[in-house]
>>> print(open('structure29.txt').read())   # compact mmCIF, C-alpha atoms
# COMPACT_ATOMS: atom_id res chain seq x y z
CA MET X 1 111.55 106.23 106.98
CA ILE X 2 110.81 106.00 103.25
CA LYS X 3 107.06 106.15 102.73
CA LYS X 4 105.32 103.83 100.33
CA LYS X 5 103.45 105.58 97.53
CA LEU X 6 99.66 105.53 97.17
CA ALA X 7 97.65 106.79 94.19
CA ILE X 8 93.96 107.59 94.64
CA VAL X 9 91.73 107.64 91.55
CA GLY X 10 88.02 107.92 90.87
CA ILE X 11 87.01 111.17 92.58
CA VAL X 12 86.33 114.74 91.44
CA GLY X 13 89.10 115.82 93.79
CA VAL X 14 89.97 117.57 97.02
CA PRO X 15 89.24 119.83 98.83
CA ALA X 16 85.93 117.98 98.91
CA ASN X 17 82.87 119.85 97.74
CA TYR X 18 80.96 117.18 95.88
CA GLY X 19 80.11 113.73 97.20
CA GLY X 20 80.74 110.78 99.46
CA PHE X 21 84.00 109.52 97.98
CA GLU X 22 85.41 113.05 97.99
CA THR X 23 84.50 113.43 101.67
CA LEU X 24 86.09 110.05 102.38
CA VAL X 25 89.40 111.13 100.83
CA GLU X 26 89.22 114.51 102.57
CA TYR X 27 89.25 112.82 105.97
CA LEU X 28 91.62 109.99 105.03
CA LEU X 29 94.14 112.78 104.52
CA ASP X 30 94.01 113.50 108.25
CA LEU X 31 96.11 110.39 108.93
CA LEU X 32 97.27 108.55 105.80
CA PRO X 33 99.94 111.11 104.74
CA LYS X 34 101.81 110.27 107.95
CA PHE X 35 102.39 106.77 106.56
CA TYR X 36 102.15 107.15 102.78
CA ASP X 37 103.27 109.44 99.98
CA ILE X 38 99.87 110.16 98.39
CA THR X 39 98.94 111.38 94.90
CA ILE X 40 95.30 112.17 94.05
CA TYR X 41 93.94 112.57 90.52
CA CYS X 42 91.44 115.44 90.24
CA GLN X 43 89.01 116.87 87.68
CA SER X 44 90.68 119.99 86.29
CA GLN X 45 87.46 121.96 85.67
CA SER X 46 86.47 121.82 89.33
CA TYR X 47 89.71 123.34 90.63
CA PRO X 48 90.68 126.52 88.73
CA ASP X 49 93.47 127.34 91.21
CA LYS X 50 95.25 124.01 90.53
CA VAL X 51 97.06 123.84 93.85
CA GLU X 52 99.85 121.25 93.79
CA THR X 53 99.45 119.87 97.31
CA TYR X 54 96.65 119.57 99.86
CA LYS X 55 96.90 118.21 103.41
CA GLY X 56 100.16 116.50 102.56
CA ALA X 57 98.98 114.90 99.29
CA LYS X 58 100.14 115.73 95.76
CA LEU X 59 97.36 116.69 93.33
CA LYS X 60 97.37 115.89 89.61
CA TYR X 61 94.72 117.31 87.28
CA LEU X 62 92.98 115.75 84.28
CA ASN X 63 90.99 117.70 81.70
CA LEU X 64 88.18 115.14 81.75
CA LYS X 65 84.89 114.81 83.60
CA ALA X 66 84.92 112.56 86.67
CA ASN X 67 81.21 111.73 86.52
CA GLY X 68 78.73 110.44 83.99
CA VAL X 69 79.74 108.47 80.91
CA GLN X 70 83.15 110.16 80.75
CA SER X 71 84.02 108.76 84.19
CA VAL X 72 85.13 105.54 82.46
CA ILE X 73 87.76 107.47 80.49
CA TYR X 74 88.67 109.67 83.47
CA ASP X 75 89.28 106.68 85.73
CA SER X 76 91.09 104.72 83.02
CA VAL X 77 93.49 107.57 82.22
CA SER X 78 94.14 108.04 85.94
CA LEU X 79 94.98 104.35 86.25
CA TRP X 80 97.42 104.38 83.33
CA LYS X 81 99.14 107.40 84.86
CA SER X 82 99.50 105.45 88.12
CA ILE X 83 101.25 102.34 86.81
CA LYS X 84 104.79 103.61 87.49
CA GLY X 85 106.21 104.62 90.85
CA PHE X 86 103.37 103.57 93.14
CA ASP X 87 103.07 100.78 95.68
CA TYR X 88 99.28 100.99 95.96
CA ILE X 89 96.44 102.24 93.76
CA LEU X 90 93.12 102.93 95.51
CA ILE X 91 90.23 103.03 93.04
CA LEU X 92 86.99 104.57 94.28
CA GLY X 93 84.12 103.13 92.26
CA VAL X 94 84.05 100.60 89.43
CA SER X 95 83.60 102.84 86.36
CA GLY X 96 87.17 102.37 85.18
CA ALA X 97 87.66 98.85 86.50
CA ILE X 98 87.75 97.38 82.99
CA THR X 99 91.24 98.89 82.77
CA ILE X 100 92.60 96.92 85.75
CA PRO X 101 93.53 93.70 83.88
CA PHE X 102 95.34 95.77 81.24
CA ILE X 103 97.51 97.70 83.71
CA LYS X 104 98.33 94.74 85.96
CA PRO X 105 101.19 93.41 83.78
CA PHE X 106 102.82 96.86 83.81
CA THR X 107 102.68 97.77 87.49
CA ARG X 108 103.99 96.40 90.75
CA ALA X 109 101.33 98.35 92.66
CA LYS X 110 98.69 96.55 94.68
CA VAL X 111 95.26 97.53 93.35
CA ILE X 112 92.46 98.13 95.86
CA THR X 113 88.93 98.85 94.61
CA HIS X 114 86.13 100.33 96.69
CA ILE X 115 83.12 98.96 94.83
CA ASP X 116 80.71 101.56 96.27
CA GLY X 117 77.07 100.52 96.50
CA LEU X 118 76.30 98.16 93.61
CA GLU X 119 76.20 101.04 91.15
CA TRP X 120 74.69 98.84 88.44
CA LYS X 121 71.43 98.55 90.38
CA ARG X 122 70.69 102.27 90.37
CA ASP X 123 67.52 103.32 88.53
CA LYS X 124 69.23 106.28 86.88
CA TRP X 125 71.13 103.97 84.52
CA GLY X 126 69.71 102.46 81.35
CA ALA X 127 69.93 98.76 80.51
CA PHE X 128 73.28 99.00 78.69
CA ALA X 129 74.89 101.09 81.45
CA LYS X 130 73.66 98.64 84.09
CA ARG X 131 75.17 95.69 82.23
CA PHE X 132 78.44 97.56 81.76
CA LEU X 133 78.68 98.52 85.44
CA LYS X 134 77.88 94.97 86.56
CA PHE X 135 80.62 93.70 84.24
CA SER X 136 83.02 96.36 85.58
CA GLU X 137 82.21 95.27 89.12
CA SER X 138 83.02 91.65 88.28
CA ILE X 139 86.33 92.70 86.69
CA ALA X 140 87.19 94.77 89.78
CA VAL X 141 86.57 91.86 92.12
CA LYS X 142 88.49 89.41 89.92
CA TYR X 143 91.60 91.48 89.25
CA SER X 144 91.99 93.73 92.31
CA ASP X 145 94.34 92.69 95.08
CA ALA X 146 91.76 93.82 97.64
CA ILE X 147 88.12 94.91 97.66
CA ILE X 148 86.52 97.37 100.08
CA SER X 149 82.84 97.07 101.03
CA ASP X 150 81.32 99.93 103.02
CA ASN X 151 78.33 98.00 104.34
CA LYS X 152 77.73 94.50 105.74
CA HIS X 153 75.12 93.89 103.05
CA ILE X 154 77.70 94.70 100.34
CA TYR X 155 80.26 92.50 102.12
CA ASP X 156 77.82 89.58 102.11
CA TYR X 157 76.96 90.23 98.45
CA VAL X 158 80.63 90.04 97.39
CA GLN X 159 81.01 86.75 99.23
CA GLU X 160 77.84 85.24 97.77
CA GLU X 161 78.21 86.59 94.22
CA TYR X 162 81.95 86.14 93.75
CA GLY X 163 83.11 83.88 96.57
CA LYS X 164 85.59 86.47 97.81
CA ASP X 165 86.20 88.22 101.10
CA SER X 166 86.43 92.00 101.20
CA HIS X 167 87.51 94.59 103.74
CA LEU X 168 84.47 96.00 105.54
CA ILE X 169 85.16 99.72 106.06
CA ALA X 170 82.35 102.28 106.35
CA TYR X 171 82.53 106.10 106.50
CA GLY X 172 83.23 108.54 109.28
CA ALA X 173 80.82 111.26 110.33
CA ASN X 174 82.28 113.15 113.28
CA HIS X 175 83.07 116.14 111.05
CA VAL X 176 79.44 117.30 111.31
CA THR X 177 78.41 119.69 114.07
CA ASN X 178 75.22 120.99 115.61
CA VAL X 179 74.61 124.66 114.80
CA ASP X 180 72.64 127.22 116.80
CA PRO X 181 69.44 127.98 114.83
CA ALA X 182 69.52 131.60 115.98
CA LEU X 183 72.39 132.20 113.54
CA TYR X 184 70.10 131.57 110.57
CA GLN X 185 66.61 132.40 111.82
CA LYS X 186 66.24 135.35 109.44
CA LYS X 187 67.07 133.25 106.39
CA TYR X 188 65.11 130.17 107.49
CA SER X 189 62.00 131.37 109.29
CA PHE X 190 60.79 127.79 109.94
CA ILE X 191 63.92 126.71 111.78
CA HIS X 192 62.50 127.08 115.31
CA LYS X 193 59.49 124.93 114.44
CA PRO X 194 59.29 121.16 113.76
CA TYR X 195 60.16 120.13 110.20
CA ILE X 196 61.31 117.00 108.36
CA PHE X 197 64.61 117.29 106.50
CA THR X 198 66.46 115.51 103.67
CA VAL X 199 69.71 116.28 101.84
CA CYS X 200 70.56 114.11 98.83
CA ARG X 201 71.11 113.89 95.12
CA ILE X 202 67.82 114.18 93.27
CA GLU X 203 67.72 110.73 91.69
CA PRO X 204 64.88 108.18 91.28
CA GLU X 205 66.41 105.58 93.62
CA ASN X 206 66.36 108.09 96.48
CA ASN X 207 62.53 108.02 96.46
CA ILE X 208 62.26 111.81 96.37
CA GLU X 209 59.10 111.84 94.26
CA MET X 210 57.31 109.42 96.57
CA GLN X 211 58.24 111.48 99.62
CA LEU X 212 57.18 114.76 98.00
CA ARG X 213 53.88 113.22 96.97
CA VAL X 214 53.14 112.00 100.51
CA PHE X 215 53.72 115.46 101.96
CA SER X 216 51.92 117.41 99.24
CA GLU X 217 48.84 115.18 98.94
CA ASN X 218 48.13 114.70 102.64
CA GLU X 219 47.33 117.12 105.42
CA LEU X 220 50.39 116.67 107.58
CA ASP X 221 51.09 119.19 110.31
CA ILE X 222 54.82 119.31 109.61
CA PRO X 223 56.63 120.70 106.53
CA TYR X 224 59.20 118.84 104.45
CA VAL X 225 62.49 120.60 103.65
CA ILE X 226 64.80 119.14 100.98
CA VAL X 227 68.23 120.28 99.81
CA GLY X 228 69.33 118.77 96.50
CA ASN X 229 70.67 119.27 92.98
CA TRP X 230 67.33 119.98 91.31
CA ASN X 231 68.89 121.50 88.18
CA SER X 232 71.24 118.61 87.37
CA SER X 233 68.73 116.47 85.46
CA ASP X 234 65.37 116.57 83.69
CA TYR X 235 64.03 114.45 86.53
CA GLY X 236 65.08 116.99 89.16
CA MET X 237 63.81 119.97 87.18
CA ARG X 238 60.43 118.29 86.67
CA LEU X 239 60.07 117.59 90.39
CA TYR X 240 61.06 121.16 91.24
CA ARG X 241 58.46 122.61 88.85
CA GLU X 242 55.76 120.31 90.18
CA TYR X 243 56.39 120.57 93.92
CA SER X 244 58.16 123.86 94.67
CA THR X 245 54.83 125.68 94.97
CA LYS X 246 53.20 123.14 97.29
CA LYS X 247 52.41 124.64 100.67
CA ASN X 248 53.90 121.85 102.77
CA VAL X 249 57.16 121.51 100.83
CA ILE X 250 60.31 123.70 100.90
CA LEU X 251 62.96 123.00 98.25
CA TYR X 252 66.53 124.36 98.23
CA ASN X 253 69.37 124.01 95.76
CA PRO X 254 72.69 122.50 96.94
CA ILE X 255 74.29 124.13 99.99
CA TYR X 256 78.06 123.69 100.04
CA THR X 257 78.73 125.72 103.19
CA SER X 258 78.95 123.13 105.95
CA GLU X 259 77.67 125.41 108.71
CA GLU X 260 74.57 126.39 106.75
CA LEU X 261 73.82 122.79 105.78
CA ASN X 262 74.38 121.63 109.34
CA VAL X 263 72.02 124.23 110.78
CA LEU X 264 69.20 122.80 108.67
CA ARG X 265 70.12 119.22 109.47
CA SER X 266 70.87 119.52 113.16
CA ASN X 267 67.66 121.35 114.02
CA CYS X 268 65.15 119.20 112.17
CA HIS X 269 62.48 117.24 114.01
CA TYR X 270 63.18 114.05 112.01
CA TYR X 271 65.62 113.19 109.25
CA LEU X 272 64.02 111.38 106.28
CA HIS X 273 66.35 109.08 104.31
CA GLY X 274 64.81 107.55 101.20
CA HIS X 275 67.84 105.94 99.55
CA SER X 276 66.99 102.53 98.12
CA ALA X 277 70.37 101.70 96.55
CA GLY X 278 73.98 101.87 97.62
CA GLY X 279 75.88 100.81 100.69
CA THR X 280 76.59 102.93 103.74
CA ASN X 281 75.40 106.37 102.67
CA PRO X 282 77.46 109.27 104.08
CA SER X 283 74.45 111.54 104.62
CA LEU X 284 72.81 108.85 106.75
CA VAL X 285 75.81 108.34 109.05
CA GLU X 286 76.16 112.13 109.31
CA ALA X 287 72.54 112.38 110.43
CA MET X 288 73.23 109.67 113.00
CA TYR X 289 76.27 111.53 114.34
CA LEU X 290 74.15 114.66 114.75
CA GLY X 291 71.85 112.61 116.97
CA LEU X 292 68.86 112.98 114.67
CA PRO X 293 65.86 110.67 114.92
CA ILE X 294 65.78 108.95 111.54
CA ILE X 295 63.00 107.67 109.29
CA ALA X 296 64.67 105.48 106.65
CA PHE X 297 63.61 103.47 103.63
CA GLY X 298 63.69 99.89 104.88
CA VAL X 299 66.27 98.30 102.57
CA ASN X 300 69.03 96.14 104.05
CA TYR X 301 71.70 98.81 103.49
CA ASN X 302 69.89 101.34 105.66
CA ARG X 303 68.98 98.79 108.32
CA GLU X 304 72.62 97.65 108.53
CA THR X 305 73.85 101.24 108.82
CA THR X 306 71.38 102.13 111.58
CA PHE X 307 71.59 98.71 113.27
CA ASN X 308 67.78 98.37 112.99
CA GLN X 309 67.30 101.15 115.54
CA ALA X 310 65.63 103.77 113.30
CA ILE X 311 62.04 104.09 112.04
CA TYR X 312 61.45 102.41 108.65
CA PHE X 313 59.04 102.47 105.72
CA ASN X 314 58.82 100.47 102.49
CA ASP X 315 56.32 102.43 100.40
CA SER X 316 54.23 105.60 100.39
CA ILE X 317 51.49 104.06 102.52
CA GLU X 318 53.93 103.08 105.26
CA LEU X 319 55.65 106.47 105.07
CA LEU X 320 52.33 108.25 105.57
CA GLN X 321 51.53 105.94 108.48
CA GLN X 322 54.86 106.68 110.17
CA LEU X 323 54.54 110.43 109.62
CA SER X 324 51.00 110.39 111.00
CA ARG X 325 52.14 108.84 114.28
CA LEU X 326 55.33 110.77 115.03
CA GLU X 327 54.09 111.71 118.49
CA GLU X 328 53.94 108.02 119.43
CA PHE X 329 57.69 107.50 118.93
CA ASP X 330 60.24 108.13 121.67
CA ARG X 331 62.11 110.76 119.68
CA GLU X 332 64.78 111.37 122.33
CA ALA X 333 65.53 107.65 122.70
CA ILE X 334 65.95 107.23 118.94
CA SER X 335 68.24 110.27 118.88
CA ARG X 336 70.40 108.85 121.67
CA ASP X 337 70.62 105.48 119.94
CA MET X 338 71.66 107.02 116.63
CA TYR X 339 74.37 109.13 118.26
CA LYS X 340 75.77 106.25 120.34
CA LEU X 341 75.92 103.98 117.31
CA ALA X 342 77.60 106.66 115.22
CA ARG X 343 80.23 107.39 117.87
CA LYS X 344 81.03 103.70 118.17
CA ASN X 345 81.10 102.84 114.46
CA TYR X 346 81.57 105.94 112.33
CA SER X 347 84.51 107.99 113.64
CA TRP X 348 87.13 109.09 111.13
CA LYS X 349 89.94 108.04 113.46
CA ALA X 350 88.69 104.45 113.41
CA ILE X 351 88.08 104.53 109.64
CA ASN X 352 91.60 105.85 109.00
CA LYS X 353 93.10 103.07 111.11
CA LYS X 354 91.16 100.46 109.13
CA TYR X 355 92.55 101.82 105.87
CA VAL X 356 96.10 101.81 107.24
CA ASN X 357 95.70 98.23 108.49
CA MET X 358 94.21 97.15 105.17
CA LEU X 359 97.15 98.61 103.22
CA LYS X 360 99.68 97.06 105.59
CA SER X 361 98.08 93.64 105.09
CA LEU X 362 98.76 93.63 101.33
>>> encode(input="structure29.txt", output="structure tokens")
Amino acid sequence: MIKKKLAIVGIVGVPANYGGFETLVEYLLDLLPKFYDITIYCQSQSYPDKVETYKGAKLKYLNLKANGVQSVIYDSVSLWKSIKGFDYILILGVSGAITIPFIKPFTRAKVITHIDGLEWKRDKWGAFAKRFLKFSESIAVKYSDAIISDNKHIYDYVQEEYGKDSHLIAYGANHVTNVDPALYQKKYSFIHKPYIFTVCRIEPENNIEMQLRVFSENELDIPYVIVGNWNSSDYGMRLYREYSTKKNVILYNPIYTSEELNVLRSNCHYYLHGHSAGGTNPSLVEAMYLGLPIIAFGVNYNRETTFNQAIYFNDSIELLQQLSRLEEFDREAISRDMYKLARKNYSWKAINKKYVNMLKSL
């Protein structure tokens, strides 16, 4: 059987060691290469070994940055390189979507765009960047042959804003595992005691400053542990300087070893998820699959992801109230609910099948 050819653009690359889209592609490669001849465009600087294949996919490298302002050029160059010899082009994110109408006359490939989580709404962008990303989103929806939404709220938004249907496909999470705390008790002395945990990018829309302030300014009996990229921005460095010495706060830089990250996640008393923008966030579904009781910022995205079965807050006052009454919650029941929902909705096998069915439908 001759396989149809699929190009994937818009990520740093694989093996995944960066973010949600990279993790998505990592696990799509568990099944998709059985049906498709896949080529993935990768950021050259992140992969000094420049391996040519990975998990059945061909890897091509670009000497450009995949994130920040240069992501527009990175994605656009990847798209132009994909116009010949492919049946499908999967674009992850809308940064380079302005290129889609220009390549369409020169390619027979079906273009599929995963629009991510309304990137233009994120607080980290200035006014011009927000307008550009909103425009890019509109171009993606207009000129793509198919759109992927990873959250029901995003799906509804695409229908209401653009009058178009999209394919609702979330993320998988069954790659995470519970880890015995005894393996790391020397490094993390707090691990056998109750603590609240968060892992995320240190960005304003993730409400990190609000959460740090609640823990540092109030006499809570439980510490707050956060893993994040503190040194990647002035915002992160300021927060680290201000809060790293607070007695009730423990801050760590990024941990890329899955076992070490999972030991901190899987043994926490509650998982605190402050994301206010985006769709289905991978770190949230991973926490659900670990069976963690979750306290989440109460936006529609998070409520959709957790099926309204978590604990929610909308501001610092509500967060303090929830943290002050943790003993009143049925922690084990919330844990069971999160795990059951994750097993039913966020397995990579099911996600892979949805991608295969989506491609076959085009």
>>> closest_residue(input="structure29.txt", among="X:Gly291, X:Pro48, X:Gly96, X:Pro33", to="Ser266 (chain X)", atoms="all atoms listed in the file")
X:Gly291
>>> residues_around(input="structure29.txt", residues="Phe106 (chain X)", least_positions_apart="4", cutoff="9 Å", atoms="only C-alpha atoms", output="ChimeraX atom specification")
/X:83-84,102
>>> write_last_selection(input="structure29.txt", atoms="C-alpha atoms", output="mmCIF file, keeping the file's coordinate frame")
data_model
loop_
_atom_site.group_PDB
_atom_site.id
_atom_site.type_symbol
_atom_site.label_atom_id
_atom_site.label_comp_id
_atom_site.auth_asym_id
_atom_site.auth_seq_id
_atom_site.Cartn_x
_atom_site.Cartn_y
_atom_site.Cartn_z
ATOM 1 C CA ILE X 83 101.250 102.340 86.810
ATOM 2 C CA LYS X 84 104.790 103.610 87.490
ATOM 3 C CA PHE X 102 95.340 95.770 81.240
#
>>> residues_around(input="structure29.txt", residues="Met237 (chain X)", least_positions_apart="6", cutoff="12 Å", atoms="all atoms listed in the file", output="count of residues only")
11
>>> residues_around(input="structure29.txt", residues="region 58-68 of chain X", least_positions_apart="6", cutoff="8 Å", atoms="only C-alpha atoms", output="PyMOL selection string")
chain X and resi 10-12+38-45+50-52+74-75+78
>>> closest_residue(input="structure29.txt", among="X:Ala127, X:Leu133, X:Leu359, X:Leu264", to="Ser189 (chain X)", atoms="only C-alpha atoms")
X:Leu264
>>> closest_residue(input="structure29.txt", among="X:Asn262, X:Asn218, X:Asn174, X:Asn314", to="Leu341 (chain X)", atoms="all atoms listed in the file")
X:Asn174
>>> decode(input="structure29.txt", residues="region 305-317 of chain X", atoms="N, CA and C atoms", output="PDB file, in the first residue's frame")
ATOM      1  N   THR X 305     -12.665  21.088  30.111  1.00  0.00           N
ATOM      2  CA  THR X 305     -11.665  20.025  30.200  1.00  0.00           C
ATOM      3  C   THR X 305     -11.935  19.099  31.372  1.00  0.00           C
ATOM      4  N   THR X 306     -12.320  19.665  32.506  1.00  0.00           N
ATOM      5  CA  THR X 306     -12.552  18.875  33.723  1.00  0.00           C
ATOM      6  C   THR X 306     -14.016  18.504  33.920  1.00  0.00           C
ATOM      7  N   PHE X 307     -14.855  18.819  32.929  1.00  0.00           N
ATOM      8  CA  PHE X 307     -16.278  18.472  32.965  1.00  0.00           C
ATOM      9  C   PHE X 307     -16.963  18.980  34.239  1.00  0.00           C
ATOM     10  N   ASN X 308     -16.521  20.160  34.698  1.00  0.00           N
ATOM     11  CA  ASN X 308     -17.102  20.811  35.883  1.00  0.00           C
ATOM     12  C   ASN X 308     -17.030  19.957  37.149  1.00  0.00           C
ATOM     13  N   GLN X 309     -16.018  19.089  37.222  1.00  0.00           N
ATOM     14  CA  GLN X 309     -15.901  18.199  38.376  1.00  0.00           C
ATOM     15  C   GLN X 309     -14.730  18.559  39.289  1.00  0.00           C
ATOM     16  N   ALA X 310     -14.011  19.640  38.988  1.00  0.00           N
ATOM     17  CA  ALA X 310     -12.888  20.056  39.825  1.00  0.00           C
ATOM     18  C   ALA X 310     -13.346  21.115  40.824  1.00  0.00           C
ATOM     19  N   ILE X 311     -12.396  21.723  41.526  1.00  0.00           N
ATOM     20  CA  ILE X 311     -12.647  22.862  42.408  1.00  0.00           C
ATOM     21  C   ILE X 311     -12.218  24.108  41.631  1.00  0.00           C
ATOM     22  N   TYR X 312     -12.973  25.202  41.722  1.00  0.00           N
ATOM     23  CA  TYR X 312     -12.690  26.363  40.876  1.00  0.00           C
ATOM     24  C   TYR X 312     -12.570  27.649  41.693  1.00  0.00           C
ATOM     25  N   PHE X 313     -11.838  28.607  41.120  1.00  0.00           N
ATOM     26  CA  PHE X 313     -11.731  29.948  41.697  1.00  0.00           C
ATOM     27  C   PHE X 313     -11.662  30.953  40.552  1.00  0.00           C
ATOM     28  N   ASN X 314     -12.050  32.193  40.824  1.00  0.00           N
ATOM     29  CA  ASN X 314     -12.064  33.232  39.794  1.00  0.00           C
ATOM     30  C   ASN X 314     -11.202  34.442  40.122  1.00  0.00           C
ATOM     31  N   ASP X 315     -10.708  34.514  41.360  1.00  0.00           N
ATOM     32  CA  ASP X 315      -9.833  35.616  41.746  1.00  0.00           C
ATOM     33  C   ASP X 315      -9.076  35.201  42.997  1.00  0.00           C
ATOM     34  N   SER X 316      -8.244  36.098  43.515  1.00  0.00           N
ATOM     35  CA  SER X 316      -7.407  35.765  44.668  1.00  0.00           C
ATOM     36  C   SER X 316      -8.229  35.502  45.921  1.00  0.00           C
ATOM     37  N   ILE X 317      -9.338  36.205  46.066  1.00  0.00           N
ATOM     38  CA  ILE X 317     -10.190  35.999  47.245  1.00  0.00           C
ATOM     39  C   ILE X 317     -10.780  34.594  47.234  1.00  0.00           C
TER      40      ILE X 317
END
